[in-house]
Amino acid sequence: DGGITQSPKYLFRKEGQNVTLSCEQNLNHDAMYWYRQDPGQGLRLIYYSQIVNDFQKGDIAEGYSVSREKKESFPLTVTSAQKNPTAFYLCASSIVLAGDETQYFGPGTRLLVL
Amino acid sequence: GESVGLHLPTLSVQEGDNSIINCAYSNSASDYFIWYKQESGKGPQFIIDIRSNMDKRQGQRVTVLLNKTVKHLSLQIAATQPGDSAVYFCAELRNAGNMLTFGGGTRLMVKP
């Protein structure tokens, strides 16, 4: 998992509630990413950020929001607009340099709906 | 659209045998590929990568082969061990930015 931490490991959401997943990295990476993984499936990109105070939508951004106020932190909020939030959420980071695009992942947060 | 995919969803091998996990890609312009290993309940872990100017790259017990003619990528694991049991994903660098497109994954099961 390198220097990327995610918390909490498990998170429960009540219907209509917004919840925020934490992602912190001490690798001095410029870029950070959020992915969603459903059981038995691959990773789908939700949002990404290549620099502080800037972020872009990924393939499945609807119902999610992010912020990037600090280089080390990229929290993801799952809003009440996300009707099927139950999934495993993975945060990743990378440097932004042509020739080194490897992304390193955190341990993940499993979100469950009550 | 262009995507990365895998031929086999589940692969079962005997401990000590060699494993081969395959991946097909459709974007002929892709020039960078990564293999990740994901154990149950954990985040993906980088295994090995390869660029399109190479056909083969070796690591410790792992080898990645790239066949650009048929747009095929494979991961070979030598002397497979129980600790190799996991889901393996290939990922392809998209044309724009640092984003990766992931395949659906192959589950490797090692029988003792």
# chains A, B, ... in the order shown; residues from 1 in each chain; ligands from 1
>>> interface_residues(of="chain A", to="chain B", cutoff="12 Å", atoms="only C-alpha atoms", output="PyMOL selection string")
chain A and resi 1-2+4-6+9-10+30-50+56-59+87-110
>>> select_by_dssp(residues="range 35-104 of chain B", states="strand (DSSP E)", output="count of residues only")
37
>>> residues_around(residues="Ala86 in chain B", least_positions_apart="3", cutoff="8 Å", atoms="only C-alpha atoms", output="compact mmCIF listing (two decimals) with N, CA, C and O atoms, in the first residue's frame")
# COMPACT_ATOMS: atom_id res chain seq x y z
N LYS B 37 -1.74 -6.96 -8.95
CA LYS B 37 -2.24 -8.11 -8.20
C LYS B 37 -3.12 -7.58 -7.07
O LYS B 37 -2.72 -6.65 -6.36
N GLN B 38 -4.31 -8.13 -6.92
CA GLN B 38 -5.19 -7.68 -5.85
C GLN B 38 -5.64 -8.87 -5.01
O GLN B 38 -6.34 -9.75 -5.50
N GLU B 39 -5.23 -8.87 -3.76
CA GLU B 39 -5.68 -9.88 -2.82
C GLU B 39 -7.02 -9.45 -2.24
O GLU B 39 -7.36 -8.26 -2.24
N SER B 40 -7.75 -10.40 -1.73
CA SER B 40 -9.12 -10.15 -1.27
C SER B 40 -9.16 -9.05 -0.22
O SER B 40 -8.44 -9.10 0.78
N GLY B 83 0.69 -18.12 -2.19
CA GLY B 83 0.62 -16.67 -1.99
C GLY B 83 0.35 -15.89 -3.26
O GLY B 83 0.06 -14.69 -3.20
N ARG B 107 -9.01 -14.26 -11.89
CA ARG B 107 -8.74 -14.83 -10.57
C ARG B 107 -7.82 -16.03 -10.73
O ARG B 107 -8.13 -16.97 -11.46
N LEU B 108 -6.70 -16.00 -10.04
CA LEU B 108 -5.75 -17.12 -10.04
C LEU B 108 -5.92 -17.90 -8.74
O LEU B 108 -5.80 -17.33 -7.65
N MET B 109 -6.18 -19.19 -8.88
CA MET B 109 -6.32 -20.05 -7.70
C MET B 109 -5.21 -21.10 -7.76
O MET B 109 -5.07 -21.81 -8.77
>>> atom_distance(atom1="CA of Leu65 in chain B", atom2="CA of Asn27 in chain B")
16.8 Å
>>> closest_residue(among="B:Ala78, B:Val110, B:Leu66, B:Leu73", to="Asn22 in chain B", atoms="only C-alpha atoms")
B:Leu73
>>> atom_distance(atom1="CA of Gly59 in chain B", atom2="CA of Ile77 in chain B")
9.7 Å
>>> residues_around(residues="Ile20 in chain B", least_positions_apart="6", cutoff="8 Å", atoms="only C-alpha atoms", output="VMD selection string")
chain B and resid 74 to 77
>>> write_last_selection(atoms="C-alpha atoms", output="JSON list (two decimals), in the first residue's frame")
[["chain", "number", "residue", "atom", "x", "y", "z"],
["B", 74, "SER", "CA", 0.41, -11.81, -20.90],
["B", 75, "LEU", "CA", 1.74, -12.27, -17.39],
["B", 76, "GLN", "CA", 3.74, -15.39, -16.67],
["B", 77, "ILE", "CA", 4.35, -16.48, -13.09]]
